[in-house]
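Here's query-v2.tsv, which has TSV, C-alpha atoms and all ligand atoms:
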chain	number	residue	atom	x	y	z
J	1	MET	CA	-15.17	-31.02	6.83
J	2	GLU	CA	-13.50	-32.17	3.61
J	3	LYS	CA	-13.81	-35.77	4.73
J	4	ASP	CA	-17.52	-35.27	5.50
J	5	ARG	CA	-18.18	-33.95	1.99
J	6	LYS	CA	-16.36	-36.87	0.37
J	7	ASP	CA	-18.26	-39.29	2.52
J	8	ALA	CA	-21.50	-37.70	1.33
J	9	GLY	CA	-20.48	-38.23	-2.28
J	10	ALA	CA	-19.84	-34.56	-3.03
J	11	ILE	CA	-17.48	-33.78	-5.86
J	12	SER	CA	-15.15	-30.78	-5.82
J	13	ILE	CA	-13.76	-29.08	-8.87
J	14	THR	CA	-11.10	-26.43	-9.25
J	15	ALA	CA	-11.64	-23.63	-11.73
J	16	MET	CA	-10.12	-20.24	-12.49
J	17	ALA	CA	-12.40	-17.25	-12.91
J	18	ASP	CA	-11.31	-14.19	-14.89
J	19	MET	CA	-13.29	-11.42	-13.26
J	20	PRO	CA	-11.94	-7.93	-13.98
J	21	TYR	CA	-13.77	-5.22	-12.10
J	22	TYR	CA	-13.76	-1.44	-11.90
J	23	TYR	CA	-14.76	0.81	-9.05
J	24	HIS	CA	-14.60	4.50	-8.30
J	25	VAL	CA	-12.06	5.21	-5.58
J	26	GLY	CA	-13.60	8.54	-4.57
J	27	PHE	CA	-12.44	12.14	-4.87
J	28	TYR	CA	-9.78	12.02	-2.12
J	29	TYR	CA	-8.08	8.81	-3.24
J	30	SER	CA	-8.36	9.93	-6.88
J	31	ARG	CA	-6.39	13.05	-6.02
J	32	PHE	CA	-3.82	10.93	-4.18
J	33	LEU	CA	-3.42	8.68	-7.24
J	34	ARG	CA	-3.32	11.61	-9.71
J	35	GLU	CA	-0.52	13.30	-7.72
J	36	LEU	CA	1.45	10.05	-7.74
J	37	ARG	CA	0.88	9.46	-11.44
J	38	ASP	CA	1.39	13.01	-12.71
J	39	SER	CA	3.94	14.48	-10.29
J	40	LYS	CA	5.54	11.61	-8.33
J	41	ARG	CA	4.19	13.43	-5.28
J	42	ILE	CA	2.65	11.76	-2.23
J	43	VAL	CA	-0.12	13.87	-0.75
J	44	GLY	CA	-2.07	13.72	2.44
J	45	VAL	CA	-4.84	15.76	3.99
J	46	LYS	CA	-4.56	17.79	7.20
J	47	CYS	CA	-7.11	17.99	9.98
J	48	PRO	CA	-8.05	21.62	10.82
J	49	GLU	CA	-8.56	20.69	14.49
J	50	CYS	CA	-5.71	18.39	15.58
J	51	GLU	CA	-3.46	19.08	12.54
J	52	LYS	CA	-2.78	15.39	11.95
J	53	VAL	CA	-1.88	14.56	8.35
J	54	TYR	CA	-3.41	11.43	6.86
J	55	VAL	CA	-1.81	9.53	3.98
J	56	PRO	CA	-3.55	8.43	1.92
J	57	PRO	CA	-6.07	11.25	2.29
J	58	ARG	CA	-9.39	10.55	3.93
J	59	ILE	CA	-12.39	12.80	4.27
J	60	VAL	CA	-12.96	12.81	8.03
J	61	CYS	CA	-10.44	12.90	10.88
J	62	ARG	CA	-10.76	9.71	12.87
J	63	ASP	CA	-10.25	11.57	16.15
J	64	CYS	CA	-12.03	14.90	15.62
J	65	PHE	CA	-14.79	13.78	13.23
J	66	VAL	CA	-14.36	16.96	11.16
J	67	THR	CA	-14.09	17.21	7.40
J	68	MET	CA	-10.55	17.72	6.15
J	69	GLU	CA	-9.93	19.71	2.98
J	70	GLU	CA	-6.31	20.86	3.13
J	71	PHE	CA	-4.27	18.66	0.80
J	72	LEU	CA	-0.51	18.89	1.17
J	73	PRO	CA	2.53	16.95	-0.02
J	74	VAL	CA	4.48	14.78	2.38
J	75	SER	CA	7.96	13.40	1.93
J	76	SER	CA	8.65	10.32	-0.16
J	77	GLU	CA	11.06	9.34	2.60
J	78	GLY	CA	10.11	7.90	5.93
J	79	THR	CA	10.75	5.38	8.67
J	80	LEU	CA	10.23	1.64	8.46
J	81	LEU	CA	8.01	0.76	11.42
J	82	ALA	CA	7.56	-2.96	10.80
J	83	TYR	CA	7.99	-5.52	8.06
J	84	THR	CA	7.50	-9.13	7.15
J	85	VAL	CA	9.43	-11.15	4.60
J	86	THR	CA	6.81	-13.29	2.93
J	87	ASN	CA	7.31	-16.60	1.17
J	88	PHE	CA	3.66	-17.19	0.40
J	89	SER	CA	2.38	-15.96	-2.95
J	90	TYR	CA	-0.99	-14.47	-3.72
J	91	THR	CA	-2.60	-13.32	-6.94
J	92	ASP	CA	-1.57	-9.74	-7.61
J	93	THR	CA	-4.93	-8.12	-8.37
J	94	THR	CA	-3.41	-5.46	-10.60
J	95	LYS	CA	-1.67	-7.98	-12.83
J	96	GLY	CA	-3.68	-11.15	-12.34
J	97	GLU	CA	-0.44	-13.03	-11.79
J	98	PRO	CA	1.05	-14.71	-8.75
J	99	LYS	CA	3.17	-12.34	-6.68
J	100	LYS	CA	6.83	-13.32	-6.92
J	101	ILE	CA	8.29	-14.57	-3.66
J	102	PRO	CA	9.97	-13.77	-1.44
J	103	TYR	CA	8.82	-10.20	-1.00
J	104	THR	CA	8.87	-7.85	1.97
J	105	ALA	CA	5.71	-6.09	3.06
J	106	ALA	CA	6.66	-2.88	4.85
J	107	TYR	CA	4.73	-0.65	7.23
J	108	ILE	CA	6.06	2.87	6.74
J	109	LYS	CA	5.54	6.28	8.34
J	110	LEU	CA	6.38	8.96	5.80
J	111	ASP	CA	7.94	12.21	7.04
J	112	GLY	CA	5.19	14.78	7.44
J	113	SER	CA	2.47	12.16	7.91
J	114	ASP	CA	0.76	11.05	11.09
J	115	SER	CA	-0.57	7.83	9.58
J	116	ASN	CA	1.20	4.87	8.06
J	117	ILE	CA	1.19	3.13	4.70
J	118	VAL	CA	1.91	-0.37	3.52
J	119	HIS	CA	4.09	-1.10	0.52
J	120	CYS	CA	6.92	-3.40	-0.59
J	121	LEU	CA	10.55	-3.04	0.40
J	122	ASP	CA	13.19	-4.18	-2.12
J	123	GLU	CA	15.22	-6.05	0.50
J	124	THR	CA	14.30	-9.62	1.46
J	125	ASP	CA	17.35	-10.54	3.55
J	126	GLU	CA	16.01	-10.25	7.09
J	127	THR	CA	19.52	-9.75	8.48
J	128	ARG	CA	19.69	-6.47	6.53
J	129	ILE	CA	16.34	-5.05	7.64
J	130	LYS	CA	15.54	-3.39	10.96
J	131	ALA	CA	12.54	-1.45	12.17
J	132	GLY	CA	13.53	2.20	12.45
J	133	MET	CA	15.50	2.22	9.20
J	134	ARG	CA	15.08	5.13	6.83
J	135	VAL	CA	13.43	4.28	3.52
J	136	ARG	CA	12.41	6.13	0.36
J	137	ALA	CA	9.85	5.56	-2.38
J	138	VAL	CA	11.07	4.56	-5.81
J	139	PHE	CA	8.57	5.64	-8.44
J	140	SER	CA	7.80	3.73	-11.63
J	141	GLY	CA	8.77	5.29	-14.93
J	142	ASP	CA	5.41	4.54	-16.53
J	143	ARG	CA	2.92	5.59	-13.88
J	144	THR	CA	-0.72	4.71	-14.49
J	145	GLY	CA	-2.66	5.86	-11.42
J	146	ASP	CA	-2.17	2.66	-9.42
J	147	TYR	CA	-0.63	2.94	-5.94
J	148	PHE	CA	1.24	-0.38	-5.99
J	149	HIS	CA	2.52	0.28	-9.49
J	150	ASP	CA	3.29	4.01	-9.43
J	151	ILE	CA	5.34	3.59	-6.30
J	152	ASP	CA	7.30	0.60	-7.54
J	153	HIS	CA	8.79	-0.15	-4.13
J	154	PHE	CA	10.60	1.40	-1.18
J	155	GLU	CA	14.37	1.15	-0.76
J	156	ILE	CA	16.52	1.41	2.31
J	157	ILE	CA	18.38	4.73	2.50
J	158	GLU	CA	20.77	3.71	5.24
J	159	HIS	CA	21.70	0.40	6.80
X	201	ZN	ZN	-8.32	15.78	13.88
Once you've parsed the file, please lay out its structure as C-alpha cells.
Amino acid sequence: MEKDRKDAGAISITAMADMPYYYHVGFYYSRFLRELRDSKRIVGVKCPECEKVYVPPRIVCRDCFVTMEEFLPVSSEGTLLAYTVTNFSYTDTTKGEPKKIPYTAAYIKLDGSDSNIVHCLDETDETRIKAGMRVRAVFSGDRTGDYFHDIDHFEIIEH
C-alpha cells in the first residue's frame, strides 16, 4: 500500500495534533470516580436478581437485563487473573505523554466483585508474577477523579 502511494506521487507528512476533549462519563461512573477521589473507596453496583456485583458500576445487569441501583464498596484487594508485561509505549491520554516502558497491564478480580478490572501492576519482572497472586490497590495522594491516576497502581501482596 505504501509503495503504491509513493508510486502515485503521493506525499506523506507526519504531524502532532493537540486535541484535548471532555466528555460526561455518566451518573454511575461519576459515582465510581467520586468514591475513588474522595474516599479511596472502590464501589460497584449489585444486581437485585442474580446478586452479581459489577465494578465499575453499570446501569443494567448483562445477564438479567434489570436496572441496578444498589451501590456498595468492594475490597481494594483482589486476585491477579492475567497480565502482560508490555514493552511498547503508547500516548497516555491523561497526560499526553508516552507511557514509560516496560509496564505491566493487569487483569484483576477484586474481592466482592463478580467482574474484573484492568490496571497497572508495579512489577515488571515476569519471573516474579503469577496469575492467582493476591494484589492490592495503591491510591494516589492527590486524587483528581481519574481512574488511572487515583489508583496509582496495584502491588503484589504475596509472592
Ligand atoms: Zn443480574
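Considering all atoms listed in the file, the residues that reside within 10 Å of ligand ZN 201 (chain X) can be listed as J:Lys46, J:Cys47, J:Pro48, J:Glu49, J:Cys50, J:Glu51, J:Lys52, J:Val53, J:Tyr54, J:Val60, J:Cys61, J:Arg62, J:Asp63, J:Cys64, J:Phe65, J:Val66, J:Thr67, J:Met68.
CA of Thr104 (chain J) sits 16.4 Å away from CA of Tyr147 (chain J).
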Per-residue nearest contacts of region 69-143 of chain J to region 32-36 of chain J (12 Å; all atoms listed in the file) as a Markdown table:
| residue | atom | partner | partner_atom | distance |
| --- | --- | --- | --- | --- |
| J:Phe71 | CA | J:Phe32 | CA | 9.2 |
| J:Leu72 | CA | J:Phe32 | CA | 10.1 |
| J:Pro73 | CA | J:Glu35 | CA | 9.1 |
| J:Val74 | CA | J:Phe32 | CA | 11.3 |
| J:Ser76 | CA | J:Leu36 | CA | 10.5 |
| J:Ala137 | CA | J:Leu36 | CA | 10.9 |
| J:Val138 | CA | J:Leu36 | CA | 11.2 |
| J:Phe139 | CA | J:Leu36 | CA | 8.4 |
| J:Ser140 | CA | J:Leu36 | CA | 9.8 |
| J:Gly141 | CA | J:Leu36 | CA | 11.3 |
| J:Asp142 | CA | J:Leu36 | CA | 11.1 |
| J:Arg143 | CA | J:Leu36 | CA | 7.7 |
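Neighbours of region 89-93 of chain J closer than or equal to 12 Å, with only C-alpha atoms counted and sequence neighbours fewer than 5 positions away skipped, come out as Met16, Asp18, Met19, Pro20, Tyr21, Tyr22, Pro98, Lys99, Lys100, Ile101, Pro102, Tyr103, Thr104, Asp146, Phe148 and His149 of chain J.
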What is the CA of Leu110 (chain J)-CA of Ser75 (chain J) distance in Å, reported with one decimal?
-> 6.1 Å
CA of Arg31 (chain J) and CA of Ala106 (chain J) are how many Å apart?
-> 23.3 Å
If we count all atoms listed in the file, what is near region 77-79 of chain J at a cut-off of 9 Å, once residues fewer than 5 positions away on the same chain are taken out, given as a PyMOL selection string?
-> chain J and resi 107-113+131-137+154+157
Cut-off 8 Å around (5.0, 0.4, 4.9) with all atoms listed in the file: residues as number ranges by chain = J: 80-83, 105-109, 116-121
Determine, counting all atoms listed in the file, which protein, DNA and RNA residues have an atom within 9 Å of an atom of Ile129 (chain J); residues of the same chain fewer than 5 positions away are not included. Present the result as a PDB file with C-alpha atoms, in the coordinates of the input.
ATOM      1  CA  TYR J  83       7.990  -5.520   8.060  1.00  0.00           C
ATOM      2  CA  GLU J 123      15.220  -6.050   0.500  1.00  0.00           C
ATOM      3  CA  THR J 124      14.300  -9.620   1.460  1.00  0.00           C
ATOM      4  CA  ILE J 156      16.520   1.410   2.310  1.00  0.00           C
ATOM      5  CA  HIS J 159      21.700   0.400   6.800  1.00  0.00           C
TER       6      HIS J 159
END
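Nearest residue to Gly96 (chain J) among J:Ile59, J:Ile42, J:Ala17, J:Val25 is J:Ala17, counting only C-alpha atoms.
Among the candidates J:Asp152, J:Glu69, J:Glu126, J:Glu158, the residue lying nearest to Val85 (chain J) is J:Glu126 (atoms considered: all atoms listed in the file).
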